[in-house]
Amino acid sequence: MSEREATEGEGPLLDNARPPANVHDALVAHTARPQDLPARADCVVVGGGIMGLATAFHLAELGVKDVVVVEKSYLCSGASGRNGGGVRAQWSSETNIRLMRESQDLCADFATRMRINVWYRKGGYLFLARSPERAAQLEASVQLQRANGLRTELVDAVRVKRIAPEVETTGLEVASYGPDDAVVFPWPFVWGYAKACAERGVGVFTHTPVTGFETDGRRIRAVVTEAGAIATDQVVLATGAWSPELAAMLGLSLPNRPHRHEICSTESLKPFLRPLVADLATGLYCSQSMRGELVGGVSNERVPEGLDQRSSLRFLGLYSRELLRTIPRAGGLRVLRQWGGCYDLTPDGNPIVGRTDELEGLVLLCGFMGHGFMMAPVMGKRVAEHLVRGAHRELFERWSLTRYRTGKLLEETMILG
Amino acid sequence: MSDKIIMCRCEDVTRHQLEEAVARGHRDIESLKRFTGFGTGWCQGKQCAALCARVLVELGGEPPEAPFTPRPPVHPIPLAHLARLTEDPEAP
Ligand SMILES: Cc1cc2nc3c(=O)[nH]c(=O)nc-3n(C[C@H](O)[C@H](O)[C@H](O)COP(=O)(O)OP(=O)(O)OC[C@H]3O[C@@H](n4cnc5c(N)ncnc54)[C@H](O)[C@@H]3O)c2cc1C
């Protein structure tokens with residue numbers, strides 16, 4: 001990360017985030033209806049997931065007047081309402097470690113600043129390595145994390161038993177423990193941004209699918225929705241796993257592909273498991289939420305192609321087997337509900353964020369794999385600062401779509417799922 | 001008074017909370033479920049879904065065409081039983 005990056009991102013991100021005093025907690029509707037869609041806007045954010053809402057919020061904070069979010073369905077209908085709520089800074093690239101440190105601070109403060117309970121629980125993340133190769137990978141990541149100021153530690157079986165007594169340590173090589181990692185409940189996080197948007201005059205239009213765009217050469221003229229067109233020359237495309245579809249409407253071809261990821265939750269128990277426990281080899285992760293449920297998932301390569309948010313019985317078998325290998329005592333716990341959502345996969349495991357060579361007013365904000373929720377607080381702020389002040393150019397050039405043409409691909413080895 | 005009428009017994013959701021949610025723009029059944037949490041507890045909505053849907057319509061929300069998306073399993077199943085599911089190479 002350049003020096004410019006390091007200094008521009010300083011300070012707490014939500015410092016000005018207190019809503020104006022006069023609004024207090026008046027009954028402001030979080031969402032607007034398609035029939036009230038405006039005819040023009042300074043900026044249209046397509047996609048009402050956590051990325052789009054966080055960006056719209058920060059645009060309003062930076063003084064952009066007419067910001068509009070258009071969402072085809074209800075809020076929380078996409079991945080942002082279907083994820084595990086894991087928020088960790090244990091990554092293997094310097095960029096991700098630093099960004100996530102900042103995002104974590106924002107998450108820790110979110111409830112107070114947005115005045116909404118997000119069930120934030122800082123129980124840490126415990127990554128298990130059960131082969132020498134995985135151990136070596138964890139060791140390298142921990143070294144980099146510590147060099148970047150994280151409190152991550154390599155821990156042996158004895159320490160693992162102290163941190164999480166229920167975890168089976170037979171066959172364990174080593175584990176990494178990040179005490180500052182956390183989990184949140186995703187839904188109120190989404191409402192928190194929606195509420196803050198509404199309080200600042202950002203229209204969040206749900207049930208308003210975008211069907212196309214009007215362009216004039218390199219310029220965008222309008223966003224066309226089922227409820228009418230909005231004239232604008234600035235568009236942020238934050239449509240997660242749907243982004244290739246939306247980009248195609250603009251004549252752009254994205255290398256992302258949707259990949260179904262399933263997850264389930266059990267009945268509630270008294271708190272017994274502090275950290276989120278994960279294994280990069282199998283993609284297993286599991287945490288106990290503030291509601292007491294065990295929430296978790298596992299890698300599954302064999303899923304239907306394309307956008308598919310259904311759940312399968314096969315997943316429950318895969319997950320239960322891996323979970324019980326890791327926490328054998330959980331066998332009597334009953335699964336209450338399961339569901340599915342889409343990861344937004346990119347060929348190099350890094351997101352696609354930034355401007356494009358083809359269109360002037362367009363910013364892409366997608367490709368966040370299975371970790372876009374935790375990235376949203378810091379990304380929303382940076383993308384807004386980029387749009388308004390041209391900040392963070394270096395990062396968004398590195399993360400731009402252009403890297404797939406120039407071959408400057410990136411790396412990340414700590415992807416779960 | 002409406003803050004005392006329980007709609008969802010598992011998650012302690014009151015009529016008042018449904019009213020507030022609709023006033024805040026959560027006017028369809030899926031949003032209402034997520035915003036109030038009704039139907040996400042032990043019975044997974046088997047007891048409250050119809051009642052909450054009726055209240056939503058009374059409050060002027062979108063009449064649901066179906067109950068919210070059901071989430072398997074129909075009855076809670078222990079992880080130990082699920083772990084014995086055999087891997088079917090054909091299954092999706
Ligand atoms: C099961 C599961 C577990 C996960 N666990 C974690 C985790 O623990 N931690 C973490 O950080 N991340 C996790 N993720 C990933 C995370 O959920 C996503 O990266 C993140 O939510 C992406 O946010 P988004 O706003 O980009 O996308 P979404 O939330 O998918 O939002 C995109 C929105 O665009 C809308 N849209 C689509 N087409 C149109 C159109 N034509 N017009 C208007 N709107 C449109 C969609 O309806 C959708 O609401 C998980 C994902 C899944 C599926």
# chains A, B, ... in the order shown; residues from 1 in each chain; ligands from 1
call {"tool": "interface_residues", "arguments": {"of": "chain B", "to": "chain A", "cutoff": "12 Å", "atoms": "only C-alpha atoms", "output": "JSON list (two decimals) with N, CA and C atoms, in the first residue's frame"}}
result
[["chain", "number", "residue", "atom", "x", "y", "z"],
["B", 10, "CYS", "N", -42.15, -17.31, 19.86],
["B", 10, "CYS", "CA", -40.75, -17.74, 20.01],
["B", 10, "CYS", "C", -39.82, -16.53, 20.16],
["B", 11, "GLU", "N", -40.08, -15.50, 19.38],
["B", 11, "GLU", "CA", -39.16, -14.37, 19.35],
["B", 11, "GLU", "C", -39.74, -13.13, 20.03],
["B", 19, "GLU", "N", -46.33, -2.92, 13.62],
["B", 19, "GLU", "CA", -46.81, -1.60, 13.19],
["B", 19, "GLU", "C", -45.64, -0.67, 12.89],
["B", 20, "GLU", "N", -44.65, -0.68, 13.78],
["B", 20, "GLU", "CA", -43.50, 0.20, 13.57],
["B", 20, "GLU", "C", -42.75, -0.20, 12.31],
["B", 21, "ALA", "N", -42.58, -1.51, 12.12],
["B", 21, "ALA", "CA", -41.84, -1.99, 10.94],
["B", 21, "ALA", "C", -42.53, -1.52, 9.65],
["B", 22, "VAL", "N", -43.84, -1.66, 9.59],
["B", 22, "VAL", "CA", -44.56, -1.25, 8.39],
["B", 22, "VAL", "C", -44.41, 0.27, 8.20],
["B", 23, "ALA", "N", -44.51, 1.02, 9.29],
["B", 23, "ALA", "CA", -44.35, 2.48, 9.20],
["B", 23, "ALA", "C", -42.95, 2.84, 8.72],
["B", 24, "ARG", "N", -41.99, 1.99, 8.99],
["B", 24, "ARG", "CA", -40.62, 2.26, 8.54],
["B", 24, "ARG", "C", -40.37, 1.78, 7.11],
["B", 25, "GLY", "N", -41.40, 1.29, 6.46],
["B", 25, "GLY", "CA", -41.25, 0.94, 5.04],
["B", 25, "GLY", "C", -41.07, -0.55, 4.78],
["B", 26, "HIS", "N", -41.14, -1.38, 5.83],
["B", 26, "HIS", "CA", -40.99, -2.82, 5.62],
["B", 26, "HIS", "C", -42.37, -3.40, 5.34],
["B", 27, "ARG", "N", -42.80, -3.23, 4.09],
["B", 27, "ARG", "CA", -44.20, -3.42, 3.75],
["B", 27, "ARG", "C", -44.48, -4.73, 3.04],
["B", 28, "ASP", "N", -43.46, -5.58, 2.89],
["B", 28, "ASP", "CA", -43.72, -6.91, 2.32],
["B", 28, "ASP", "C", -43.32, -7.95, 3.37],
["B", 29, "ILE", "N", -43.83, -9.16, 3.21],
["B", 29, "ILE", "CA", -43.69, -10.18, 4.26],
["B", 29, "ILE", "C", -42.23, -10.55, 4.54],
["B", 30, "GLU", "N", -41.40, -10.59, 3.49],
["B", 30, "GLU", "CA", -40.00, -10.97, 3.70],
["B", 30, "GLU", "C", -39.26, -9.90, 4.52],
["B", 31, "SER", "N", -39.52, -8.63, 4.20],
["B", 31, "SER", "CA", -38.88, -7.54, 4.95],
["B", 31, "SER", "C", -39.37, -7.53, 6.38],
["B", 32, "LEU", "N", -40.69, -7.71, 6.52],
["B", 32, "LEU", "CA", -41.29, -7.66, 7.85],
["B", 32, "LEU", "C", -40.69, -8.76, 8.74],
["B", 33, "LYS", "N", -40.52, -9.93, 8.16],
["B", 33, "LYS", "CA", -39.93, -11.04, 8.90],
["B", 33, "LYS", "C", -38.52, -10.69, 9.36],
["B", 34, "ARG", "N", -37.72, -10.17, 8.44],
["B", 34, "ARG", "CA", -36.33, -9.88, 8.80],
["B", 34, "ARG", "C", -36.23, -8.73, 9.78],
["B", 35, "PHE", "N", -37.07, -7.72, 9.61],
["B", 35, "PHE", "CA", -36.95, -6.54, 10.49],
["B", 35, "PHE", "C", -37.43, -6.84, 11.91],
["B", 36, "THR", "N", -38.48, -7.64, 12.04],
["B", 36, "THR", "CA", -38.98, -7.91, 13.39],
["B", 36, "THR", "C", -38.45, -9.24, 13.94],
["B", 37, "GLY", "N", -38.03, -10.12, 13.06],
["B", 37, "GLY", "CA", -37.55, -11.44, 13.50],
["B", 37, "GLY", "C", -38.66, -12.45, 13.72],
["B", 39, "GLY", "N", -41.04, -15.47, 13.24],
["B", 39, "GLY", "CA", -40.89, -16.67, 12.43],
["B", 39, "GLY", "C", -39.47, -17.21, 12.33],
["B", 40, "THR", "N", -38.54, -16.64, 13.08],
["B", 40, "THR", "CA", -37.15, -17.12, 12.99],
["B", 40, "THR", "C", -36.73, -17.91, 14.23],
["B", 41, "GLY", "N", -37.68, -18.20, 15.11],
["B", 41, "GLY", "CA", -37.33, -18.89, 16.35],
["B", 41, "GLY", "C", -37.58, -20.38, 16.28],
["B", 42, "TRP", "N", -37.86, -20.96, 17.43],
["B", 42, "TRP", "CA", -37.97, -22.41, 17.55],
["B", 42, "TRP", "C", -38.96, -23.02, 16.57],
["B", 43, "CYS", "N", -40.15, -22.41, 16.39],
["B", 43, "CYS", "CA", -41.16, -23.05, 15.53],
["B", 43, "CYS", "C", -41.02, -22.63, 14.08],
["B", 44, "GLN", "N", -40.07, -21.70, 13.80],
["B", 44, "GLN", "CA", -39.81, -21.28, 12.42],
["B", 44, "GLN", "C", -41.06, -20.76, 11.71],
["B", 45, "GLY", "N", -41.93, -20.12, 12.47],
["B", 45, "GLY", "CA", -43.08, -19.47, 11.85],
["B", 45, "GLY", "C", -44.31, -20.34, 11.70],
["B", 61, "GLY", "N", -49.96, -3.15, 4.12],
["B", 61, "GLY", "CA", -48.78, -3.66, 3.41],
["B", 61, "GLY", "C", -49.15, -4.45, 2.18],
["B", 62, "GLU", "N", -48.14, -4.96, 1.49],
["B", 62, "GLU", "CA", -48.38, -5.74, 0.28],
["B", 62, "GLU", "C", -48.97, -7.10, 0.68],
["B", 69, "THR", "N", -40.48, -17.49, 2.38],
["B", 69, "THR", "CA", -39.75, -18.67, 1.90],
["B", 69, "THR", "C", -39.51, -19.64, 3.06],
["B", 70, "PRO", "N", -40.02, -20.86, 2.97],
["B", 70, "PRO", "CA", -39.78, -21.81, 4.07],
["B", 70, "PRO", "C", -38.32, -22.26, 4.08],
["B", 71, "ARG", "N", -37.78, -22.41, 5.26],
["B", 71, "ARG", "CA", -36.40, -22.88, 5.39],
["B", 71, "ARG", "C", -36.39, -24.28, 5.97],
["B", 72, "PRO", "N", -35.81, -25.23, 5.24],
["B", 72, "PRO", "CA", -35.69, -26.59, 5.78],
["B", 72, "PRO", "C", -34.77, -26.57, 7.01],
["B", 73, "PRO", "N", -34.74, -27.60, 7.83],
["B", 73, "PRO", "CA", -35.63, -28.76, 7.82],
["B", 73, "PRO", "C", -37.01, -28.42, 8.41],
["B", 74, "VAL", "N", -37.99, -29.22, 8.07],
["B", 74, "VAL", "CA", -39.34, -28.97, 8.57],
["B", 74, "VAL", "C", -39.37, -29.10, 10.09],
["B", 75, "HIS", "N", -38.68, -30.15, 10.58],
["B", 75, "HIS", "CA", -38.53, -30.31, 12.02],
["B", 75, "HIS", "C", -37.05, -30.27, 12.36],
["B", 76, "PRO", "N", -36.69, -29.74, 13.53],
["B", 76, "PRO", "CA", -35.28, -29.70, 13.90],
["B", 76, "PRO", "C", -34.65, -31.10, 13.89],
["B", 77, "ILE", "N", -33.45, -31.23, 13.31],
["B", 77, "ILE", "CA", -32.78, -32.54, 13.21],
["B", 77, "ILE", "C", -31.39, -32.43, 13.85],
["B", 78, "PRO", "N", -31.02, -33.41, 14.71],
["B", 78, "PRO", "CA", -29.70, -33.36, 15.33],
["B", 78, "PRO", "C", -28.57, -33.48, 14.31],
["B", 79, "LEU", "N", -27.49, -32.75, 14.55],
["B", 79, "LEU", "CA", -26.32, -32.80, 13.66],
["B", 79, "LEU", "C", -25.80, -34.23, 13.52],
["B", 80, "ALA", "N", -25.86, -35.01, 14.61],
["B", 80, "ALA", "CA", -25.34, -36.38, 14.56],
["B", 80, "ALA", "C", -26.12, -37.22, 13.55],
["B", 81, "HIS", "N", -27.43, -37.00, 13.42],
["B", 81, "HIS", "CA", -28.21, -37.73, 12.43],
["B", 81, "HIS", "C", -27.82, -37.28, 11.02],
["B", 82, "LEU", "N", -27.70, -35.99, 10.86],
["B", 82, "LEU", "CA", -27.37, -35.46, 9.53],
["B", 82, "LEU", "C", -26.00, -35.93, 9.06],
["B", 83, "ALA", "N", -25.09, -36.09, 10.02],
["B", 83, "ALA", "CA", -23.73, -36.52, 9.66],
["B", 83, "ALA", "C", -23.73, -37.93, 9.08],
["B", 84, "ARG", "N", -24.81, -38.68, 9.32],
["B", 84, "ARG", "CA", -24.87, -40.05, 8.79],
["B", 84, "ARG", "C", -25.52, -40.10, 7.40],
["B", 85, "LEU", "N", -25.92, -38.96, 6.89],
["B", 85, "LEU", "CA", -26.45, -38.94, 5.51],
["B", 85, "LEU", "C", -25.37, -39.44, 4.58],
["B", 86, "THR", "N", -25.71, -40.37, 3.69],
["B", 86, "THR", "CA", -24.66, -40.83, 2.79],
["B", 86, "THR", "C", -24.54, -39.87, 1.62],
["B", 87, "GLU", "N", -23.34, -39.71, 1.15],
["B", 87, "GLU", "CA", -23.07, -38.79, 0.04],
["B", 87, "GLU", "C", -23.58, -39.41, -1.26],
["B", 88, "ASP", "N", -24.57, -38.78, -1.85],
["B", 88, "ASP", "CA", -25.13, -39.26, -3.11],
["B", 88, "ASP", "C", -24.43, -38.52, -4.25],
["B", 89, "PRO", "N", -23.64, -39.24, -5.06],
["B", 89, "PRO", "CA", -22.86, -38.56, -6.09],
["B", 89, "PRO", "C", -23.74, -37.86, -7.13],
["B", 90, "GLU", "N", -25.01, -38.24, -7.21],
["B", 90, "GLU", "CA", -25.89, -37.62, -8.20],
["B", 90, "GLU", "C", -26.60, -36.39, -7.66],
["B", 91, "ALA", "N", -26.72, -36.32, -6.33],
["B", 91, "ALA", "CA", -27.54, -35.25, -5.75],
["B", 91, "ALA", "C", -26.96, -33.86, -6.05],
["B", 92, "PRO", "N", -27.82, -32.88, -6.21],
["B", 92, "PRO", "CA", -27.34, -31.54, -6.51],
["B", 92, "PRO", "C", -26.67, -30.89, -5.28]]
call {"tool": "residues_around", "arguments": {"residues": "A:Gly78", "least_positions_apart": "6", "cutoff": "12 Å", "atoms": "only C-alpha atoms", "output": "PyMOL selection string"}}
result
chain A and resi 47-52+71-72+186-187+190+238-243+258+260+307-309+339-344+372-373
call {"tool": "write_last_selection", "arguments": {"atoms": "C-alpha atoms", "output": "mmCIF file, in the first residue's frame"}}
result
data_model
loop_
_atom_site.group_PDB
_atom_site.id
_atom_site.type_symbol
_atom_site.label_atom_id
_atom_site.label_comp_id
_atom_site.auth_asym_id
_atom_site.auth_seq_id
_atom_site.Cartn_x
_atom_site.Cartn_y
_atom_site.Cartn_z
ATOM 1 C CA GLY A 47 -27.978 -2.665 -5.562
ATOM 2 C CA GLY A 48 -29.270 -2.228 -2.026
ATOM 3 C CA GLY A 49 -26.912 -4.697 -0.350
ATOM 4 C CA ILE A 50 -24.448 -3.679 2.310
ATOM 5 C CA MET A 51 -21.944 -2.353 -0.266
ATOM 6 C CA GLY A 52 -24.432 -0.107 -2.010
ATOM 7 C CA GLU A 71 -32.758 -2.359 -5.238
ATOM 8 C CA LYS A 72 -34.690 -4.914 -7.245
ATOM 9 C CA PRO A 186 -26.109 -9.072 9.374
ATOM 10 C CA TRP A 187 -29.732 -7.904 9.186
ATOM 11 C CA VAL A 190 -28.144 -3.499 6.761
ATOM 12 C CA ALA A 238 -22.949 -2.687 -6.297
ATOM 13 C CA THR A 239 -24.971 -5.690 -7.390
ATOM 14 C CA GLY A 240 -22.830 -8.441 -5.876
ATOM 15 C CA ALA A 241 -23.319 -11.796 -7.610
ATOM 16 C CA TRP A 242 -25.687 -10.130 -10.116
ATOM 17 C CA SER A 243 -22.941 -7.759 -11.334
ATOM 18 C CA PRO A 258 -21.818 -16.527 -8.846
ATOM 19 C CA ARG A 260 -23.924 -20.830 -4.304
ATOM 20 C CA LEU A 307 -27.454 -17.563 -9.489
ATOM 21 C CA ASP A 308 -29.068 -20.073 -7.185
ATOM 22 C CA GLN A 309 -30.057 -19.288 -3.599
ATOM 23 C CA TRP A 339 -30.512 -21.308 3.569
ATOM 24 C CA GLY A 340 -28.309 -20.394 0.639
ATOM 25 C CA GLY A 341 -26.842 -17.306 -0.978
ATOM 26 C CA CYS A 342 -24.359 -16.451 -3.669
ATOM 27 C CA TYR A 343 -20.671 -15.775 -3.363
ATOM 28 C CA ASP A 344 -19.408 -13.389 -6.029
ATOM 29 C CA GLY A 372 -17.882 -8.565 1.323
ATOM 30 C CA PHE A 373 -19.914 -7.998 4.419
#
call {"tool": "closest_residue", "arguments": {"among": "A:Leu409, A:Leu284, A:Leu364, A:Met375", "to": "ligand 1", "atoms": "only C-alpha atoms and all ligand atoms"}}
result
A:Met375
call {"tool": "select_by_dssp", "arguments": {"residues": "chain B", "states": "strand (DSSP E)", "output": "list of chain:residue names"}}
result
B:Ile6, B:Met7, B:Cys8, B:Val13, B:Thr14, B:Ile77, B:Pro78
call {"tool": "select_by_dssp", "arguments": {"residues": "stretch 7-204 of chain A", "states": "alpha helix (DSSP H)", "output": "PyMOL selection string"}}
result
chain A and resi 7-8+50-61+94-114+132-147+157-163+186-199
call {"tool": "atom_distance", "arguments": {"atom1": "atom CA of B:Gln17", "atom2": "atom CA of A:Asp36"}}
result
25.4 Å
call {"tool": "atom_distance", "arguments": {"atom1": "atom CA of A:Asn256", "atom2": "atom CA of A:Lys408"}}
result
16.2 Å
call {"tool": "atom_distance", "arguments": {"atom1": "atom CA of A:Tyr120", "atom2": "atom CA of A:Gly283"}}
result
22.9 Å
call {"tool": "residues_around", "arguments": {"residues": "stretch 3-6 of chain B", "least_positions_apart": "6", "cutoff": "8 Å", "atoms": "only C-alpha atoms", "output": "count of residues only"}}
result
6
call {"tool": "decode", "arguments": {"residues": "stretch 25-36 of chain B", "atoms": "all heavy atoms", "output": "PDB file, in the first residue's frame"}}
result
ATOM      1  N   GLY B  25     -41.400   1.289   6.457  1.00  0.00           N
ATOM      2  CA  GLY B  25     -41.253   0.938   5.044  1.00  0.00           C
ATOM      3  C   GLY B  25     -41.070  -0.548   4.782  1.00  0.00           C
ATOM      4  O   GLY B  25     -40.872  -0.953   3.640  1.00  0.00           O
ATOM      5  N   HIS B  26     -41.136  -1.379   5.833  1.00  0.00           N
ATOM      6  CA  HIS B  26     -40.994  -2.822   5.621  1.00  0.00           C
ATOM      7  C   HIS B  26     -42.373  -3.401   5.340  1.00  0.00           C
ATOM      8  O   HIS B  26     -43.025  -3.949   6.206  1.00  0.00           O
ATOM      9  CB  HIS B  26     -40.317  -3.471   6.827  1.00  0.00           C
ATOM     10  CG  HIS B  26     -38.991  -2.841   7.128  1.00  0.00           C
ATOM     11  ND1 HIS B  26     -37.899  -3.039   6.319  1.00  0.00           N
ATOM     12  CD2 HIS B  26     -38.595  -1.968   8.077  1.00  0.00           C
ATOM     13  CE1 HIS B  26     -36.880  -2.330   6.784  1.00  0.00           C
ATOM     14  NE2 HIS B  26     -37.283  -1.673   7.847  1.00  0.00           N
ATOM     15  N   ARG B  27     -42.805  -3.227   4.095  1.00  0.00           N
ATOM     16  CA  ARG B  27     -44.201  -3.422   3.746  1.00  0.00           C
ATOM     17  C   ARG B  27     -44.481  -4.735   3.038  1.00  0.00           C
ATOM     18  O   ARG B  27     -45.577  -4.964   2.585  1.00  0.00           O
ATOM     19  CB  ARG B  27     -44.666  -2.254   2.864  1.00  0.00           C
ATOM     20  CG  ARG B  27     -44.418  -0.875   3.484  1.00  0.00           C
ATOM     21  CD  ARG B  27     -44.600   0.221   2.460  1.00  0.00           C
ATOM     22  NE  ARG B  27     -45.728  -0.076   1.619  1.00  0.00           N
ATOM     23  CZ  ARG B  27     -46.985   0.149   1.957  1.00  0.00           C
ATOM     24  NH1 ARG B  27     -47.265   0.735   3.079  1.00  0.00           N
ATOM     25  NH2 ARG B  27     -47.957  -0.184   1.138  1.00  0.00           N
ATOM     26  N   ASP B  28     -43.459  -5.582   2.886  1.00  0.00           N
ATOM     27  CA  ASP B  28     -43.718  -6.905   2.325  1.00  0.00           C
ATOM     28  C   ASP B  28     -43.319  -7.946   3.366  1.00  0.00           C
ATOM     29  O   ASP B  28     -42.568  -7.658   4.296  1.00  0.00           O
ATOM     30  CB  ASP B  28     -42.927  -7.104   1.017  1.00  0.00           C
ATOM     31  CG  ASP B  28     -41.442  -7.006   1.246  1.00  0.00           C
ATOM     32  OD1 ASP B  28     -40.901  -5.861   1.243  1.00  0.00           O
ATOM     33  OD2 ASP B  28     -40.810  -8.039   1.466  1.00  0.00           O
ATOM     34  N   ILE B  29     -43.826  -9.162   3.208  1.00  0.00           N
ATOM     35  CA  ILE B  29     -43.695 -10.179   4.258  1.00  0.00           C
ATOM     36  C   ILE B  29     -42.234 -10.553   4.541  1.00  0.00           C
ATOM     37  O   ILE B  29     -41.848 -10.764   5.697  1.00  0.00           O
ATOM     38  CB  ILE B  29     -44.573 -11.418   3.920  1.00  0.00           C
ATOM     39  CG1 ILE B  29     -44.740 -12.336   5.149  1.00  0.00           C
ATOM     40  CG2 ILE B  29     -44.030 -12.216   2.764  1.00  0.00           C
ATOM     41  CD1 ILE B  29     -45.886 -11.992   6.024  1.00  0.00           C
ATOM     42  N   GLU B  30     -41.404 -10.593   3.494  1.00  0.00           N
ATOM     43  CA  GLU B  30     -40.000 -10.968   3.703  1.00  0.00           C
ATOM     44  C   GLU B  30     -39.263  -9.897   4.515  1.00  0.00           C
ATOM     45  O   GLU B  30     -38.484 -10.202   5.408  1.00  0.00           O
ATOM     46  CB  GLU B  30     -39.288 -11.194   2.356  1.00  0.00           C
ATOM     47  CG  GLU B  30     -39.867 -12.319   1.502  1.00  0.00           C
ATOM     48  CD  GLU B  30     -39.531 -13.730   2.005  1.00  0.00           C
ATOM     49  OE1 GLU B  30     -38.726 -13.861   2.949  1.00  0.00           O
ATOM     50  OE2 GLU B  30     -40.084 -14.703   1.465  1.00  0.00           O
ATOM     51  N   SER B  31     -39.517  -8.629   4.196  1.00  0.00           N
ATOM     52  CA  SER B  31     -38.878  -7.540   4.952  1.00  0.00           C
ATOM     53  C   SER B  31     -39.368  -7.531   6.381  1.00  0.00           C
ATOM     54  O   SER B  31     -38.594  -7.340   7.325  1.00  0.00           O
ATOM     55  CB  SER B  31     -39.211  -6.174   4.361  1.00  0.00           C
ATOM     56  OG  SER B  31     -38.761  -6.074   3.057  1.00  0.00           O
ATOM     57  N   LEU B  32     -40.686  -7.709   6.515  1.00  0.00           N
ATOM     58  CA  LEU B  32     -41.291  -7.664   7.849  1.00  0.00           C
ATOM     59  C   LEU B  32     -40.689  -8.758   8.739  1.00  0.00           C
ATOM     60  O   LEU B  32     -40.368  -8.535   9.905  1.00  0.00           O
ATOM     61  CB  LEU B  32     -42.803  -7.852   7.728  1.00  0.00           C
ATOM     62  CG  LEU B  32     -43.612  -7.571   8.995  1.00  0.00           C
ATOM     63  CD1 LEU B  32     -43.577  -6.081   9.337  1.00  0.00           C
ATOM     64  CD2 LEU B  32     -45.062  -8.029   8.835  1.00  0.00           C
ATOM     65  N   LYS B  33     -40.522  -9.935   8.160  1.00  0.00           N
ATOM     66  CA  LYS B  33     -39.929 -11.045   8.903  1.00  0.00           C
ATOM     67  C   LYS B  33     -38.516 -10.689   9.359  1.00  0.00           C
ATOM     68  O   LYS B  33     -38.158 -10.855  10.527  1.00  0.00           O
ATOM     69  CB  LYS B  33     -39.875 -12.298   8.019  1.00  0.00           C
ATOM     70  CG  LYS B  33     -39.088 -13.452   8.639  1.00  0.00           C
ATOM     71  CD  LYS B  33     -38.904 -14.618   7.689  1.00  0.00           C
ATOM     72  CE  LYS B  33     -37.440 -14.830   7.371  1.00  0.00           C
ATOM     73  NZ  LYS B  33     -37.183 -16.035   6.573  1.00  0.00           N
ATOM     74  N   ARG B  34     -37.717 -10.170   8.443  1.00  0.00           N
ATOM     75  CA  ARG B  34     -36.333  -9.879   8.797  1.00  0.00           C
ATOM     76  C   ARG B  34     -36.231  -8.725   9.778  1.00  0.00           C
ATOM     77  O   ARG B  34     -35.392  -8.741  10.678  1.00  0.00           O
ATOM     78  CB  ARG B  34     -35.518  -9.602   7.537  1.00  0.00           C
ATOM     79  CG  ARG B  34     -35.207 -10.893   6.798  1.00  0.00           C
ATOM     80  CD  ARG B  34     -34.775 -10.665   5.379  1.00  0.00           C
ATOM     81  NE  ARG B  34     -34.521 -11.936   4.702  1.00  0.00           N
ATOM     82  CZ  ARG B  34     -35.469 -12.732   4.227  1.00  0.00           C
ATOM     83  NH1 ARG B  34     -36.738 -12.408   4.336  1.00  0.00           N
ATOM     84  NH2 ARG B  34     -35.144 -13.864   3.626  1.00  0.00           N
ATOM     85  N   PHE B  35     -37.072  -7.715   9.610  1.00  0.00           N
ATOM     86  CA  PHE B  35     -36.947  -6.544  10.486  1.00  0.00           C
ATOM     87  C   PHE B  35     -37.430  -6.835  11.906  1.00  0.00           C
ATOM     88  O   PHE B  35     -36.846  -6.358  12.872  1.00  0.00           O
ATOM     89  CB  PHE B  35     -37.707  -5.346   9.901  1.00  0.00           C
ATOM     90  CG  PHE B  35     -37.402  -4.079  10.645  1.00  0.00           C
ATOM     91  CD1 PHE B  35     -36.129  -3.506  10.573  1.00  0.00           C
ATOM     92  CD2 PHE B  35     -38.352  -3.458  11.434  1.00  0.00           C
ATOM     93  CE1 PHE B  35     -35.821  -2.355  11.273  1.00  0.00           C
ATOM     94  CE2 PHE B  35     -38.054  -2.295  12.137  1.00  0.00           C
ATOM     95  CZ  PHE B  35     -36.781  -1.743  12.050  1.00  0.00           C
ATOM     96  N   THR B  36     -38.477  -7.637  12.038  1.00  0.00           N
ATOM     97  CA  THR B  36     -38.977  -7.910  13.390  1.00  0.00           C
ATOM     98  C   THR B  36     -38.453  -9.236  13.940  1.00  0.00           C
ATOM     99  O   THR B  36     -38.448  -9.433  15.147  1.00  0.00           O
ATOM    100  CB  THR B  36     -40.519  -7.993  13.407  1.00  0.00           C
ATOM    101  OG1 THR B  36     -40.922  -9.122  12.617  1.00  0.00           O
ATOM    102  CG2 THR B  36     -41.150  -6.732  12.849  1.00  0.00           C
TER     103      THR B  36
END
